[in-house]
$ cat my_file-v2.pdb   # PDB, C-alpha atoms
ATOM      1  CA  MET A 226       5.388  14.200  -0.341
ATOM      2  CA  SER A 227       3.054  11.797  -2.137
ATOM      3  CA  PRO A 228       2.709   8.262  -0.766
ATOM      4  CA  LEU A 229       5.536   5.895  -1.653
ATOM      5  CA  SER A 230       5.888   2.114  -1.659
ATOM      6  CA  LEU A 231       8.658   0.900   0.627
ATOM      7  CA  ALA A 232      10.062  -2.309   2.105
ATOM      8  CA  ILE A 233      11.527  -2.375   5.596
ATOM      9  CA  ALA A 234      13.354  -4.969   7.684
ATOM     10  CA  ALA A 235      15.632  -5.264  10.696
ATOM     11  CA  ASP A 236      17.515  -7.804  12.688
ATOM     12  CA  HIS A 237      17.289  -8.007  16.475
ATOM     13  CA  GLY A 238      19.725  -5.086  16.881
ATOM     14  CA  GLY A 239      17.519  -2.783  14.853
ATOM     15  CA  LEU A 240      14.061  -3.974  15.874
ATOM     16  CA  ASP A 241      13.118  -1.049  18.131
ATOM     17  CA  LEU A 242      14.210   1.581  15.613
ATOM     18  CA  LYS A 243      12.497  -0.312  12.773
ATOM     19  CA  ARG A 244       9.211  -0.334  14.678
ATOM     20  CA  GLN A 245       9.386   3.430  15.206
ATOM     21  CA  LEU A 246      10.317   4.182  11.593
ATOM     22  CA  LEU A 247       7.605   1.840  10.318
ATOM     23  CA  ALA A 248       4.955   3.537  12.448
ATOM     24  CA  ALA A 249       6.030   6.986  11.236
ATOM     25  CA  LEU A 250       6.052   5.902   7.582
ATOM     26  CA  ARG A 251       2.587   4.372   7.817
ATOM     27  CA  ALA A 252       1.257   7.409   9.699
ATOM     28  CA  ALA A 253       2.514   9.554   6.798
ATOM     29  CA  GLY A 254       0.451   7.437   4.391
ATOM     30  CA  HIS A 255       3.227   5.391   2.800
ATOM     31  CA  GLN A 256       2.606   1.778   1.771
ATOM     32  CA  VAL A 257       5.208  -0.248   3.674
ATOM     33  CA  THR A 258       5.896  -3.969   3.443
ATOM     34  CA  ASP A 259       7.538  -5.253   6.625
ATOM     35  CA  PHE A 260       9.894  -8.193   6.120
ATOM     36  CA  GLY A 261      10.593  -8.620   9.852
ATOM     37  CA  THR A 262      12.087  -9.470  12.255
ATOM     38  CA  ASP A 263       9.323  -9.181  14.796
ATOM     39  CA  GLY A 264      11.057 -10.618  17.851
ATOM     40  CA  SER A 265      14.073  -9.819  19.978
ATOM     41  CA  GLU A 266      15.799 -13.205  19.559
ATOM     42  CA  SER A 267      19.107 -13.188  17.701
ATOM     43  CA  VAL A 268      18.719 -13.508  13.923
ATOM     44  CA  ASP A 269      21.023 -13.193  10.909
ATOM     45  CA  TYR A 270      20.806  -9.809   9.158
ATOM     46  CA  PRO A 271      21.330 -11.206   5.608
ATOM     47  CA  ASP A 272      18.036 -13.082   5.967
ATOM     48  CA  TYR A 273      16.272  -9.716   6.312
ATOM     49  CA  ALA A 274      18.300  -7.549   3.936
ATOM     50  CA  ARG A 275      17.844  -9.951   1.041
ATOM     51  CA  PRO A 276      14.019  -9.767   0.688
ATOM     52  CA  VAL A 277      14.106  -5.965   0.855
ATOM     53  CA  ALA A 278      16.713  -5.822  -1.918
ATOM     54  CA  GLU A 279      14.698  -8.313  -3.967
ATOM     55  CA  ALA A 280      11.515  -6.265  -3.517
ATOM     56  CA  LEU A 281      13.344  -3.285  -5.025
ATOM     57  CA  THR A 282      14.949  -5.169  -7.891
ATOM     58  CA  SER A 283      11.602  -6.746  -8.813
ATOM     59  CA  GLY A 284       9.942  -3.334  -8.897
ATOM     60  CA  ALA A 285       7.503  -4.180  -6.096
ATOM     61  CA  VAL A 286       8.628  -1.139  -4.083
ATOM     62  CA  ARG A 287      10.439   2.140  -4.789
ATOM     63  CA  PHE A 288      12.656   2.373  -1.674
ATOM     64  CA  GLY A 289      13.957   0.210   1.137
ATOM     65  CA  VAL A 290      14.844   0.746   4.782
ATOM     66  CA  LEU A 291      17.161  -1.613   6.669
ATOM     67  CA  VAL A 292      18.163  -1.496  10.329
ATOM     68  CA  CYS A 293      20.687  -3.590  12.241
ATOM     69  CA  GLY A 294      22.992  -2.749  15.123
ATOM     70  CA  SER A 295      25.224  -0.477  13.034
ATOM     71  CA  GLY A 296      23.519  -0.481   9.616
ATOM     72  CA  ILE A 297      26.731  -1.715   8.033
ATOM     73  CA  GLY A 298      25.943  -5.426   7.721
ATOM     74  CA  MET A 299      22.595  -4.656   6.137
ATOM     75  CA  ALA A 300      24.197  -2.249   3.647
ATOM     76  CA  ILE A 301      26.906  -4.746   2.686
ATOM     77  CA  THR A 302      24.335  -7.472   2.099
ATOM     78  CA  ALA A 303      21.930  -5.271   0.136
ATOM     79  CA  ASN A 304      24.694  -3.866  -2.068
ATOM     80  CA  ARG A 305      25.503  -7.359  -3.359
ATOM     81  CA  HIS A 306      22.300  -7.162  -5.414
ATOM     82  CA  ARG A 307      22.457  -5.628  -8.886
ATOM     83  CA  GLY A 308      20.672  -2.288  -9.008
ATOM     84  CA  ILE A 309      20.840  -1.695  -5.279
ATOM     85  CA  ARG A 310      22.639   1.290  -3.831
ATOM     86  CA  ALA A 311      22.303   1.097  -0.050
ATOM     87  CA  ALA A 312      23.852   3.719   2.218
ATOM     88  CA  VAL A 313      24.309   3.883   5.978
ATOM     89  CA  LEU A 314      22.988   7.261   7.104
ATOM     90  CA  HIS A 315      23.987   9.301  10.144
ATOM     91  CA  ASN A 316      22.723  12.790   9.245
ATOM     92  CA  THR A 317      20.490  14.622   6.793
ATOM     93  CA  THR A 318      23.423  15.836   4.688
ATOM     94  CA  GLU A 319      24.407  12.231   3.949
ATOM     95  CA  ALA A 320      20.763  11.391   3.260
ATOM     96  CA  ARG A 321      20.388  14.246   0.776
ATOM     97  CA  LEU A 322      23.694  13.682  -0.995
ATOM     98  CA  THR A 323      23.360   9.924  -1.339
ATOM     99  CA  ARG A 324      19.998  10.374  -3.056
ATOM    100  CA  ALA A 325      20.996  13.381  -5.178
ATOM    101  CA  HIS A 326      24.402  12.080  -6.296
ATOM    102  CA  ASN A 327      24.253   8.282  -5.924
ATOM    103  CA  ASP A 328      20.557   7.586  -6.587
ATOM    104  CA  ALA A 329      20.619   5.426  -3.445
ATOM    105  CA  ASN A 330      17.484   3.351  -3.024
ATOM    106  CA  ILE A 331      17.946   1.793   0.419
ATOM    107  CA  ALA A 332      18.507   3.785   3.605
ATOM    108  CA  CYS A 333      20.348   1.829   6.322
ATOM    109  CA  PHE A 334      20.447   2.742   9.991
ATOM    110  CA  GLY A 335      22.169   1.569  13.144
ATOM    111  CA  GLY A 336      19.679   0.770  15.862
ATOM    112  CA  ARG A 337      22.482   0.877  18.413
ATOM    113  CA  THR A 338      24.173   3.993  17.046
ATOM    114  CA  LEU A 339      21.415   6.447  16.095
ATOM    115  CA  GLY A 340      18.451   7.950  17.903
ATOM    116  CA  VAL A 341      14.981   7.724  16.434
ATOM    117  CA  GLU A 342      14.626  11.476  15.828
ATOM    118  CA  VAL A 343      17.826  11.670  13.804
ATOM    119  CA  ALA A 344      16.997   8.469  11.922
ATOM    120  CA  LEU A 345      13.523   9.748  11.053
ATOM    121  CA  ASP A 346      14.903  13.115   9.889
ATOM    122  CA  CYS A 347      17.419  11.255   7.722
ATOM    123  CA  LEU A 348      14.768   8.964   6.293
ATOM    124  CA  LEU A 349      12.356  11.784   5.446
ATOM    125  CA  THR A 350      15.171  13.736   3.789
ATOM    126  CA  PHE A 351      16.232  10.615   1.862
ATOM    127  CA  LEU A 352      12.699  10.003   0.582
ATOM    128  CA  ALA A 353      12.098  13.638  -0.375
ATOM    129  CA  THR A 354      15.348  14.164  -2.278
ATOM    130  CA  PRO A 355      15.310  13.530  -6.024
ATOM    131  CA  TYR A 356      18.236  12.093  -7.947
ATOM    132  CA  GLU A 357      20.018  14.895  -9.847
ATOM    133  CA  GLY A 358      21.091  12.782 -12.826
ATOM    134  CA  GLY A 359      23.331  14.606 -15.272
ATOM    135  CA  ARG A 360      27.009  14.229 -14.423
ATOM    136  CA  HIS A 361      26.123  11.490 -11.930
ATOM    137  CA  ASP A 362      24.605   9.157 -14.541
ATOM    138  CA  CYS A 363      27.963   7.919 -15.845
ATOM    139  CA  ARG A 364      29.082   7.158 -12.287
ATOM    140  CA  ILE A 365      25.969   5.126 -11.563
ATOM    141  CA  ALA A 366      26.536   3.238 -14.821
ATOM    142  CA  LYS A 367      30.088   2.425 -13.682
ATOM    143  CA  ILE A 368      28.769   1.083 -10.387
ATOM    144  CA  GLU A 369      26.365  -1.194 -12.250
ATOM    145  CA  ARG A 370      28.985  -2.442 -14.722
ATOM    146  CA  PRO A 371      30.252  -5.905 -13.775
ATOM    147  CA  PRO A 372      33.939  -6.124 -12.871
ATOM    148  CA  ALA A 373      36.312  -7.145 -15.648
TER     149      ALA A 373
END
$ encode --input "my_file-v2.pdb" --output "structure tokens"
Amino acid sequence: MSPLSLAIAADHGGLDLKRQLLAALRAAGHQVTDFGTDGSESVDYPDYARPVAEALTSGAVRFGVLVCGSGIGMAITANRHRGIRAAVLHNTTEARLTRAHNDANIACFGGRTLGVEVALDCLLTFLATPYEGGRHDCRIAKIERPPA
């Protein structure tokens, strides 16, 4: 896999997993911007999901990685941004399908619910899987269409 540009962030519940994923991504040669947190004190996950989503929507990075206790709060926050399709991942099948069918661009993980080996396998699968396009394009367009 050629080097990618990514943004990563976590709250206090995802800090340990974020650190391990960040180290693995950088060791693989990817360019990763870390939006924090860097400490174990309690912080608010929207404050960390937002800059990652904005880095994607601005075109500064290709993919994002978000980690909180469950991954759910980060995904909810990121998905409020136009053009973002964030998915909480638990296994490589979900990682592959969400890229291939949904053109997801942010992988979310639960630091309290997933081990580092599984999370890393999911992330590498996510990054390596291309979007299939075709029949999925109209569905993505419907996601992006504002509600009536």
$ resolve_selection --input "my_file-v2.pdb" --expression "the PyMOL selection byres ((chain A and resi 242-245) around 10)" --output "ChimeraX atom specification"
/A:233-241,246-250,259,261-263,290-294,334-337,339-342,344-345
$ closest_residue --input "my_file-v2.pdb" --among "A:Cys347, A:His255, A:Ala311, A:Ala320" --to "Cys333 of chain A" --atoms "all atoms listed in the file"
A:Ala311
$ atom_distance --input "my_file-v2.pdb" --atom1 "atom CA of Val313 of chain A" --atom2 "atom CA of Ala332 of chain A"
6.3 Å
$ atom_distance --input "my_file-v2.pdb" --atom1 "atom CA of Leu229 of chain A" --atom2 "atom CA of Ile331 of chain A"
13.2 Å
$ closest_atom_pairs --input "my_file-v2.pdb" --of "segment 245-324 of chain A" --to "segment 363-372 of chain A" --cutoff "12 Å" --atoms "only C-alpha atoms" --output "JSON lines"
{"residue": "A:Asn304", "atom": "CA", "partner": "A:Ile368", "partner_atom": "CA", "distance": 10.5}
{"residue": "A:Arg305", "atom": "CA", "partner": "A:Glu369", "partner_atom": "CA", "distance": 10.9}
{"residue": "A:His306", "atom": "CA", "partner": "A:Glu369", "partner_atom": "CA", "distance": 9.9}
{"residue": "A:Arg307", "atom": "CA", "partner": "A:Glu369", "partner_atom": "CA", "distance": 6.8}
{"residue": "A:Gly308", "atom": "CA", "partner": "A:Glu369", "partner_atom": "CA", "distance": 6.6}
{"residue": "A:Ile309", "atom": "CA", "partner": "A:Glu369", "partner_atom": "CA", "distance": 8.9}
{"residue": "A:Arg310", "atom": "CA", "partner": "A:Ile368", "partner_atom": "CA", "distance": 9.0}
{"residue": "A:Thr323", "atom": "CA", "partner": "A:Ile365", "partner_atom": "CA", "distance": 11.6}
{"residue": "A:Arg324", "atom": "CA", "partner": "A:Ile365", "partner_atom": "CA", "distance": 11.6}
$ residues_around --input "my_file-v2.pdb" --residues "Ala232 of chain A" --least-positions-apart "3" --cutoff "8 Å" --atoms "all atoms listed in the file" --output "list in words"
Val257, Thr258, Asp259, Phe260, Val277, Ala280, Leu281, Val286, Phe288, Gly289 and Val290 of chain A
$ closest_residue --input "my_file-v2.pdb" --among "A:Ser295, A:Asn316, A:Ser283, A:Thr354" --to "Ala329 of chain A" --atoms "all atoms listed in the file"
A:Thr354
$ atom_distance --input "my_file-v2.pdb" --atom1 "atom CA of Ala300 of chain A" --atom2 "atom CA of Asp362 of chain A"
21.5 Å
$ resolve_selection --input "my_file-v2.pdb" --expression "the PyMOL selection byres ((chain A and resi 356-358) around 8)" --output "mmCIF file with C-alpha atoms, in the frame of the given file"
data_model
loop_
_atom_site.group_PDB
_atom_site.id
_atom_site.type_symbol
_atom_site.label_atom_id
_atom_site.label_comp_id
_atom_site.auth_asym_id
_atom_site.auth_seq_id
_atom_site.Cartn_x
_atom_site.Cartn_y
_atom_site.Cartn_z
ATOM 1 C CA ARG A 324 19.998 10.374 -3.056
ATOM 2 C CA ALA A 325 20.996 13.381 -5.178
ATOM 3 C CA HIS A 326 24.402 12.080 -6.296
ATOM 4 C CA ASN A 327 24.253 8.282 -5.924
ATOM 5 C CA ASP A 328 20.557 7.586 -6.587
ATOM 6 C CA THR A 354 15.348 14.164 -2.278
ATOM 7 C CA PRO A 355 15.310 13.530 -6.024
ATOM 8 C CA GLY A 359 23.331 14.606 -15.272
ATOM 9 C CA ARG A 360 27.009 14.229 -14.423
ATOM 10 C CA HIS A 361 26.123 11.490 -11.930
ATOM 11 C CA ASP A 362 24.605 9.157 -14.541
#
$ residues_near_point --input "my_file-v2.pdb" --point "(4.9, 12.8, -1.8)" --cutoff "10 Å" --atoms "all atoms listed in the file" --output "PDB file with C-alpha atoms, in the coordinates of the input"
ATOM      1  CA  MET A 226       5.388  14.200  -0.341  1.00  0.00           C
ATOM      2  CA  SER A 227       3.054  11.797  -2.137  1.00  0.00           C
ATOM      3  CA  PRO A 228       2.709   8.262  -0.766  1.00  0.00           C
ATOM      4  CA  LEU A 229       5.536   5.895  -1.653  1.00  0.00           C
ATOM      5  CA  ALA A 253       2.514   9.554   6.798  1.00  0.00           C
ATOM      6  CA  GLY A 254       0.451   7.437   4.391  1.00  0.00           C
ATOM      7  CA  HIS A 255       3.227   5.391   2.800  1.00  0.00           C
ATOM      8  CA  LEU A 352      12.699  10.003   0.582  1.00  0.00           C
ATOM      9  CA  ALA A 353      12.098  13.638  -0.375  1.00  0.00           C
TER      10      ALA A 353
END
$ closest_residue --input "my_file-v2.pdb" --among "A:Leu231, A:Val268, A:Met299, A:Leu348" --to "Arg251 of chain A" --atoms "all atoms listed in the file"
A:Leu231
